[in-house]
$ cat run.txt   # compact mmCIF, N, CA and C atoms
# COMPACT_ATOMS: atom_id res chain seq x y z
N PRO A 131 104.04 15.62 87.52
CA PRO A 131 105.04 16.39 86.80
C PRO A 131 106.39 16.31 87.52
N TRP A 132 107.44 16.38 86.75
CA TRP A 132 108.76 16.35 87.35
C TRP A 132 109.35 17.75 87.37
N ASP A 133 110.22 17.98 88.29
CA ASP A 133 110.84 19.27 88.45
C ASP A 133 112.06 19.37 87.55
N GLN A 134 112.29 20.53 86.99
CA GLN A 134 113.40 20.72 86.07
C GLN A 134 114.56 21.48 86.70
N THR A 135 114.56 21.67 87.98
CA THR A 135 115.63 22.41 88.64
C THR A 135 116.85 21.52 88.85
N ILE A 136 118.01 22.04 88.51
CA ILE A 136 119.28 21.37 88.77
C ILE A 136 120.03 22.27 89.73
N SER A 137 120.51 21.73 90.82
CA SER A 137 121.22 22.53 91.81
C SER A 137 122.37 21.74 92.39
N SER A 138 123.45 22.43 92.67
CA SER A 138 124.59 21.79 93.34
C SER A 138 125.23 22.81 94.27
N TYR A 139 125.90 22.32 95.28
CA TYR A 139 126.55 23.21 96.23
C TYR A 139 127.91 22.65 96.62
N LEU A 140 128.73 23.54 97.14
CA LEU A 140 130.04 23.17 97.64
C LEU A 140 130.25 23.93 98.94
N SER A 141 130.62 23.22 99.97
CA SER A 141 130.87 23.83 101.27
C SER A 141 132.25 23.37 101.74
N LEU A 142 133.12 24.33 101.99
CA LEU A 142 134.47 24.03 102.46
C LEU A 142 134.60 24.50 103.90
N ASN A 143 134.94 23.59 104.78
CA ASN A 143 135.13 23.91 106.18
C ASN A 143 136.61 23.89 106.51
N PHE A 144 137.05 24.92 107.24
CA PHE A 144 138.43 25.03 107.68
C PHE A 144 138.41 25.10 109.21
N PRO A 145 138.45 23.93 109.89
CA PRO A 145 138.31 23.90 111.34
C PRO A 145 139.37 24.68 112.10
N LYS A 146 140.61 24.64 111.65
CA LYS A 146 141.67 25.38 112.35
C LYS A 146 141.41 26.88 112.33
N GLU A 147 140.96 27.37 111.20
CA GLU A 147 140.69 28.80 111.05
C GLU A 147 139.27 29.17 111.50
N LYS A 148 138.47 28.18 111.84
CA LYS A 148 137.06 28.38 112.22
C LYS A 148 136.33 29.16 111.13
N MET A 149 136.47 28.68 109.91
CA MET A 149 135.89 29.38 108.78
C MET A 149 135.19 28.40 107.85
N LYS A 150 134.14 28.90 107.21
CA LYS A 150 133.38 28.12 106.25
C LYS A 150 133.19 28.97 104.99
N VAL A 151 133.45 28.38 103.83
CA VAL A 151 133.23 29.02 102.55
C VAL A 151 132.23 28.15 101.80
N TYR A 152 131.23 28.77 101.18
CA TYR A 152 130.19 27.98 100.52
C TYR A 152 129.73 28.66 99.25
N THR A 153 129.22 27.85 98.35
CA THR A 153 128.63 28.35 97.12
C THR A 153 127.56 27.38 96.64
N GLU A 154 126.59 27.90 95.94
CA GLU A 154 125.55 27.06 95.36
C GLU A 154 125.20 27.64 94.00
N ILE A 155 124.91 26.78 93.06
CA ILE A 155 124.51 27.20 91.73
C ILE A 155 123.33 26.35 91.30
N GLY A 156 122.37 26.96 90.67
CA GLY A 156 121.19 26.21 90.24
C GLY A 156 120.64 26.76 88.94
N TRP A 157 119.97 25.89 88.21
CA TRP A 157 119.29 26.27 86.97
C TRP A 157 117.83 25.89 87.11
N ASN A 158 116.96 26.79 86.70
CA ASN A 158 115.53 26.63 86.87
C ASN A 158 114.84 26.18 85.58
N ASP A 159 115.59 25.63 84.65
CA ASP A 159 115.00 25.24 83.39
C ASP A 159 115.79 24.06 82.84
N ASN A 160 115.11 23.20 82.13
CA ASN A 160 115.80 22.04 81.58
C ASN A 160 116.68 22.43 80.40
N ARG A 161 117.60 21.56 80.08
CA ARG A 161 118.49 21.75 78.94
C ARG A 161 118.12 20.72 77.89
N LEU A 162 118.12 21.16 76.65
CA LEU A 162 117.80 20.23 75.58
C LEU A 162 118.94 19.24 75.35
N HIS A 163 120.18 19.73 75.47
CA HIS A 163 121.36 18.91 75.25
C HIS A 163 122.56 19.71 75.75
N PHE A 164 123.76 19.10 75.69
CA PHE A 164 124.95 19.78 76.20
C PHE A 164 125.28 21.05 75.41
N ALA A 165 125.00 21.07 74.12
CA ALA A 165 125.25 22.28 73.33
C ALA A 165 124.42 23.45 73.87
N ASP A 166 123.20 23.18 74.29
CA ASP A 166 122.34 24.19 74.91
C ASP A 166 122.99 24.73 76.18
N PHE A 167 123.50 23.85 76.98
CA PHE A 167 124.15 24.24 78.24
C PHE A 167 125.38 25.10 77.97
N PHE A 168 126.20 24.71 77.00
CA PHE A 168 127.44 25.45 76.73
C PHE A 168 127.20 26.76 75.98
N SER A 169 126.15 26.85 75.18
CA SER A 169 125.90 28.08 74.43
C SER A 169 125.27 29.16 75.31
N GLN A 170 124.47 28.76 76.30
CA GLN A 170 123.82 29.73 77.19
C GLN A 170 123.91 29.24 78.64
N PRO A 171 125.12 29.23 79.21
CA PRO A 171 125.27 28.68 80.56
C PRO A 171 124.55 29.48 81.64
N ASP A 172 124.29 30.77 81.39
CA ASP A 172 123.61 31.58 82.40
C ASP A 172 122.09 31.53 82.30
N HIS A 173 121.55 30.78 81.34
CA HIS A 173 120.10 30.73 81.17
C HIS A 173 119.43 30.17 82.42
N ALA A 174 118.55 30.96 83.02
CA ALA A 174 117.77 30.57 84.20
C ALA A 174 118.65 30.13 85.36
N MET A 175 119.79 30.81 85.55
CA MET A 175 120.75 30.42 86.58
C MET A 175 120.65 31.34 87.79
N ALA A 176 120.86 30.77 88.96
CA ALA A 176 120.95 31.53 90.20
C ALA A 176 122.18 31.03 90.95
N THR A 177 122.84 31.96 91.66
CA THR A 177 124.03 31.59 92.41
C THR A 177 124.01 32.23 93.79
N ILE A 178 124.74 31.62 94.68
CA ILE A 178 124.98 32.20 96.00
C ILE A 178 126.41 31.83 96.39
N ILE A 179 127.11 32.78 96.97
CA ILE A 179 128.47 32.54 97.43
C ILE A 179 128.67 33.30 98.73
N GLY A 180 129.37 32.69 99.66
CA GLY A 180 129.56 33.36 100.93
C GLY A 180 130.63 32.72 101.78
N PHE A 181 130.91 33.38 102.90
CA PHE A 181 131.84 32.83 103.89
C PHE A 181 131.38 33.24 105.28
N ARG A 182 131.80 32.48 106.25
CA ARG A 182 131.51 32.75 107.66
C ARG A 182 132.77 32.44 108.46
N LYS A 183 133.15 33.35 109.34
CA LYS A 183 134.36 33.19 110.15
C LYS A 183 134.02 33.42 111.60
N TYR A 184 134.43 32.47 112.44
CA TYR A 184 134.21 32.55 113.88
C TYR A 184 135.53 32.84 114.57
N GLY A 185 135.60 33.93 115.31
CA GLY A 185 136.80 34.26 116.08
C GLY A 185 137.87 34.94 115.26
N LEU A 186 138.64 35.79 115.95
CA LEU A 186 139.82 36.42 115.38
C LEU A 186 141.02 36.03 116.22
N GLY A 187 141.56 34.87 115.95
CA GLY A 187 142.68 34.37 116.74
C GLY A 187 142.24 34.00 118.15
N ASN A 188 143.20 33.83 119.01
CA ASN A 188 142.91 33.45 120.40
C ASN A 188 142.44 34.63 121.24
N ASP A 189 142.76 35.85 120.80
CA ASP A 189 142.41 37.03 121.59
C ASP A 189 140.92 37.39 121.52
N TYR A 190 140.27 37.11 120.39
CA TYR A 190 138.87 37.48 120.20
C TYR A 190 138.06 36.28 119.70
N PRO A 191 137.83 35.28 120.53
CA PRO A 191 137.15 34.07 120.06
C PRO A 191 135.66 34.24 119.80
N ASN A 192 135.05 35.32 120.30
CA ASN A 192 133.60 35.49 120.15
C ASN A 192 133.21 36.42 119.02
N ILE A 193 134.16 36.84 118.22
CA ILE A 193 133.85 37.68 117.07
C ILE A 193 133.36 36.80 115.92
N LEU A 194 132.33 37.25 115.25
CA LEU A 194 131.75 36.54 114.10
C LEU A 194 131.68 37.51 112.94
N MET A 195 132.03 37.04 111.74
CA MET A 195 131.90 37.89 110.57
C MET A 195 131.60 37.04 109.36
N GLY A 196 131.03 37.66 108.35
CA GLY A 196 130.74 36.93 107.13
C GLY A 196 130.16 37.83 106.06
N ALA A 197 130.03 37.26 104.89
CA ALA A 197 129.43 37.97 103.76
C ALA A 197 128.79 36.94 102.84
N GLU A 198 127.78 37.40 102.11
CA GLU A 198 127.07 36.50 101.20
C GLU A 198 126.52 37.33 100.04
N TRP A 199 126.63 36.78 98.85
CA TRP A 199 126.04 37.41 97.67
C TRP A 199 125.11 36.41 97.01
N ALA A 200 123.86 36.78 96.85
CA ALA A 200 122.86 35.95 96.17
C ALA A 200 122.50 36.62 94.85
N ASN A 201 122.42 35.85 93.79
CA ASN A 201 122.16 36.37 92.46
C ASN A 201 120.99 35.62 91.83
N LEU A 202 119.86 36.29 91.70
CA LEU A 202 118.68 35.74 91.03
C LEU A 202 118.31 36.59 89.82
N MET A 203 119.30 37.24 89.23
CA MET A 203 119.04 38.13 88.10
C MET A 203 118.56 37.33 86.88
N VAL A 204 117.67 37.94 86.13
CA VAL A 204 117.26 37.35 84.86
C VAL A 204 118.47 37.43 83.94
N SER A 205 118.79 36.34 83.29
CA SER A 205 120.03 36.26 82.52
C SER A 205 119.97 37.04 81.22
N PHE A 206 121.14 37.31 80.66
CA PHE A 206 121.24 37.99 79.38
C PHE A 206 120.53 37.20 78.29
N SER A 207 120.61 35.87 78.37
CA SER A 207 120.00 35.03 77.34
C SER A 207 118.47 35.09 77.35
N SER A 208 117.88 35.67 78.39
CA SER A 208 116.42 35.76 78.44
C SER A 208 115.88 36.70 77.35
N ARG A 209 116.73 37.54 76.78
CA ARG A 209 116.30 38.42 75.68
C ARG A 209 116.00 37.61 74.42
N TYR A 210 116.59 36.41 74.33
CA TYR A 210 116.44 35.57 73.15
C TYR A 210 115.65 34.30 73.42
N ARG A 211 115.47 33.98 74.69
CA ARG A 211 114.84 32.72 75.06
C ARG A 211 114.07 32.91 76.36
N ALA A 212 112.87 32.45 76.43
CA ALA A 212 112.06 32.62 77.64
C ALA A 212 112.75 31.99 78.84
N THR A 213 112.72 32.71 79.95
CA THR A 213 113.36 32.24 81.18
C THR A 213 112.30 32.15 82.27
N PRO A 214 112.11 30.99 82.87
CA PRO A 214 111.10 30.87 83.92
C PRO A 214 111.56 31.54 85.21
N PRO A 215 110.71 32.35 85.85
CA PRO A 215 111.07 32.96 87.12
C PRO A 215 111.24 31.90 88.21
N TRP A 216 112.09 32.19 89.16
CA TRP A 216 112.38 31.23 90.24
C TRP A 216 111.19 31.05 91.18
N TYR A 217 110.29 32.01 91.26
CA TYR A 217 109.23 31.93 92.26
C TYR A 217 107.87 31.58 91.69
N GLU A 218 107.81 31.02 90.51
CA GLU A 218 106.52 30.66 89.93
C GLU A 218 106.39 29.16 89.73
N ARG A 219 106.87 28.38 90.63
CA ARG A 219 106.81 26.92 90.51
C ARG A 219 105.66 26.40 91.37
N SER A 220 104.60 25.99 90.72
CA SER A 220 103.44 25.49 91.47
C SER A 220 103.77 24.23 92.24
N LEU A 221 104.74 23.44 91.75
CA LEU A 221 105.16 22.23 92.45
C LEU A 221 105.63 22.56 93.87
N TYR A 222 106.27 23.71 94.03
CA TYR A 222 106.76 24.14 95.36
C TYR A 222 105.89 25.23 95.97
N GLU A 223 104.64 25.31 95.53
CA GLU A 223 103.70 26.31 96.03
C GLU A 223 104.32 27.71 95.94
N HIS A 224 104.96 27.98 94.81
CA HIS A 224 105.56 29.28 94.54
C HIS A 224 106.55 29.68 95.63
N SER A 225 107.43 28.75 96.00
CA SER A 225 108.49 28.95 97.01
C SER A 225 107.92 29.38 98.35
N SER A 226 106.84 28.75 98.75
CA SER A 226 106.26 29.06 100.05
C SER A 226 105.82 27.77 100.74
N TYR A 227 105.64 27.88 102.03
CA TYR A 227 105.14 26.77 102.83
C TYR A 227 104.24 27.36 103.90
N LYS A 228 102.96 27.01 103.85
CA LYS A 228 101.97 27.54 104.79
C LYS A 228 102.00 29.07 104.82
N GLY A 229 102.11 29.65 103.62
CA GLY A 229 102.07 31.10 103.52
C GLY A 229 103.38 31.82 103.76
N ARG A 230 104.45 31.08 104.06
CA ARG A 230 105.74 31.71 104.33
C ARG A 230 106.70 31.41 103.19
N ARG A 231 107.36 32.42 102.67
CA ARG A 231 108.32 32.27 101.59
C ARG A 231 109.62 31.69 102.13
N TRP A 232 110.19 30.73 101.40
CA TRP A 232 111.46 30.16 101.84
C TRP A 232 112.59 30.43 100.87
N GLY A 233 112.34 31.21 99.86
CA GLY A 233 113.41 31.59 98.92
C GLY A 233 114.11 32.84 99.40
N ALA A 234 114.99 33.37 98.55
CA ALA A 234 115.68 34.62 98.87
C ALA A 234 114.65 35.73 99.02
N HIS A 235 114.77 36.52 100.06
CA HIS A 235 113.74 37.53 100.31
C HIS A 235 113.82 38.70 99.34
N SER A 236 114.91 38.82 98.59
CA SER A 236 114.99 39.91 97.63
C SER A 236 114.09 39.67 96.43
N GLY A 237 113.68 38.43 96.19
CA GLY A 237 112.73 38.11 95.13
C GLY A 237 113.39 37.80 93.81
N ALA A 238 112.58 37.57 92.81
CA ALA A 238 113.08 37.22 91.48
C ALA A 238 113.71 38.44 90.81
N ASP A 239 114.60 38.21 89.87
CA ASP A 239 115.33 39.23 89.12
C ASP A 239 115.98 40.24 90.05
N SER A 240 116.78 39.74 90.95
CA SER A 240 117.43 40.60 91.93
C SER A 240 118.81 40.03 92.28
N ASP A 241 119.56 40.86 92.98
CA ASP A 241 120.75 40.35 93.65
C ASP A 241 120.84 41.03 95.00
N GLU A 242 121.65 40.44 95.87
CA GLU A 242 121.69 40.92 97.24
C GLU A 242 123.08 40.67 97.82
N LEU A 243 123.63 41.68 98.45
CA LEU A 243 124.90 41.56 99.17
C LEU A 243 124.61 41.75 100.65
N TYR A 244 125.06 40.81 101.45
CA TYR A 244 124.79 40.82 102.89
C TYR A 244 126.13 40.68 103.61
N ILE A 245 126.49 41.68 104.42
CA ILE A 245 127.75 41.69 105.16
C ILE A 245 127.42 41.85 106.64
N TYR A 246 128.04 41.05 107.47
CA TYR A 246 127.75 41.13 108.90
C TYR A 246 129.00 40.87 109.72
N ALA A 247 129.00 41.42 110.92
CA ALA A 247 130.08 41.20 111.89
C ALA A 247 129.52 41.51 113.26
N GLY A 248 129.97 40.78 114.26
CA GLY A 248 129.45 41.04 115.59
C GLY A 248 130.04 40.12 116.64
N TYR A 249 129.30 40.02 117.73
CA TYR A 249 129.72 39.26 118.90
C TYR A 249 128.75 38.11 119.12
N LEU A 250 129.30 36.93 119.37
CA LEU A 250 128.48 35.74 119.57
C LEU A 250 129.06 34.92 120.73
N SER A 251 128.26 34.73 121.79
CA SER A 251 128.68 33.89 122.92
C SER A 251 127.47 33.06 123.37
N ASP A 252 127.66 32.29 124.42
CA ASP A 252 126.57 31.48 124.96
C ASP A 252 125.46 32.33 125.56
N LYS A 253 125.78 33.56 125.99
CA LYS A 253 124.81 34.38 126.68
C LYS A 253 124.39 35.63 125.93
N LEU A 254 125.13 36.02 124.91
CA LEU A 254 124.85 37.27 124.21
C LEU A 254 125.16 37.13 122.73
N MET A 255 124.28 37.72 121.92
CA MET A 255 124.51 37.76 120.48
C MET A 255 124.18 39.17 119.99
N PHE A 256 125.15 39.81 119.37
CA PHE A 256 124.96 41.14 118.80
C PHE A 256 125.66 41.13 117.44
N ILE A 257 124.87 41.11 116.35
CA ILE A 257 125.44 40.98 115.01
C ILE A 257 124.77 41.99 114.08
N PRO A 258 125.29 43.21 114.00
CA PRO A 258 124.75 44.16 113.02
C PRO A 258 125.15 43.75 111.61
N ALA A 259 124.34 44.17 110.64
CA ALA A 259 124.57 43.76 109.25
C ALA A 259 124.23 44.89 108.29
N ILE A 260 124.83 44.82 107.13
CA ILE A 260 124.50 45.71 106.02
C ILE A 260 123.94 44.83 104.91
N ASN A 261 122.79 45.22 104.39
CA ASN A 261 122.12 44.45 103.35
C ASN A 261 121.84 45.38 102.18
N TYR A 262 122.41 45.08 101.02
CA TYR A 262 122.20 45.89 99.82
C TYR A 262 121.52 45.03 98.78
N GLU A 263 120.34 45.47 98.31
CA GLU A 263 119.57 44.70 97.35
C GLU A 263 119.27 45.54 96.11
N ARG A 264 119.25 44.87 94.97
CA ARG A 264 118.79 45.50 93.73
C ARG A 264 117.65 44.64 93.20
N HIS A 265 116.57 45.29 92.79
CA HIS A 265 115.38 44.58 92.31
C HIS A 265 115.08 44.98 90.86
N GLY A 266 114.52 44.04 90.10
CA GLY A 266 114.13 44.33 88.73
C GLY A 266 115.29 44.69 87.85
N ILE A 267 116.40 44.00 88.01
CA ILE A 267 117.64 44.37 87.30
C ILE A 267 117.50 44.21 85.80
N GLY A 268 117.05 43.06 85.36
CA GLY A 268 116.95 42.81 83.93
C GLY A 268 115.57 43.07 83.36
N SER A 269 114.56 43.10 84.21
CA SER A 269 113.19 43.23 83.71
C SER A 269 112.71 44.68 83.65
N ASN A 270 113.43 45.62 84.25
CA ASN A 270 113.03 47.04 84.19
C ASN A 270 113.77 47.74 83.09

$ encode --input "run.txt" --output "structure tokens"
Amino acid sequence: PWDQTISSYLSLNFPKEKMKVYTEIGWNDNRLHFADFFSQPDHAMATIIGFRKYGLGNDYPNILMGAEWANLMVSFSSRYRATPPWYERSLYEHSSYKGRRWGAHSGADSDELYIYAGYLSDKLMFIPAINYERHGIGSN
């Protein structure tokens, strides 16, 4: 069997600013044709967007900060068309490897905001974070 997932990503690195901005978008279901894609672009779609910044100028080179938003919500179009869950793919052993999940830990039909800031050096790492998750957004 062939996999029907389409995924693409974009990563922008800004070496002078010591910053990285990234995004990824994927669809977990095939499209019949381009009209299908344009009429229901959110069908079986997942996205992630984030940034990471190292240092605050020359005065604070060991400061690290970043944020990330992952979106695995069941789409609005799922009310009219069946949408396959992201974690039920037997080809990928249901997003696991040797019993360990490798997908987003918030699970299917969820979104997650992750914000972090801290200190990072060769000898010490201290990075507290705030993680806000919503589960069962469209299915409850």

$ closest_residue --input "run.txt" --among "A:Glu198, A:Lys148, A:Ser169, A:Gly229" --to "Tyr184 in chain A" --atoms "only N, CA and C atoms"
A:Lys148

$ atom_distance --input "run.txt" --atom1 "CA of Glu263 in chain A" --atom2 "CA of Thr153 in chain A"
18.7 Å

$ residues_around --input "run.txt" --residues "His265 in chain A" --least-positions-apart "4" --cutoff "7 Å" --atoms "only C-alpha atoms" --output "number ranges by chain"
A: 239-241

$ closest_residue --input "run.txt" --among "A:Phe181, A:Trp157, A:Tyr227, A:Phe144" --to "Asn201 in chain A" --atoms "only C-alpha atoms"
A:Trp157

$ closest_residue --input "run.txt" --among "A:Gly180, A:Gly266, A:Gly187, A:Gly156" --to "Trp199 in chain A" --atoms "only C-alpha atoms"
A:Gly180
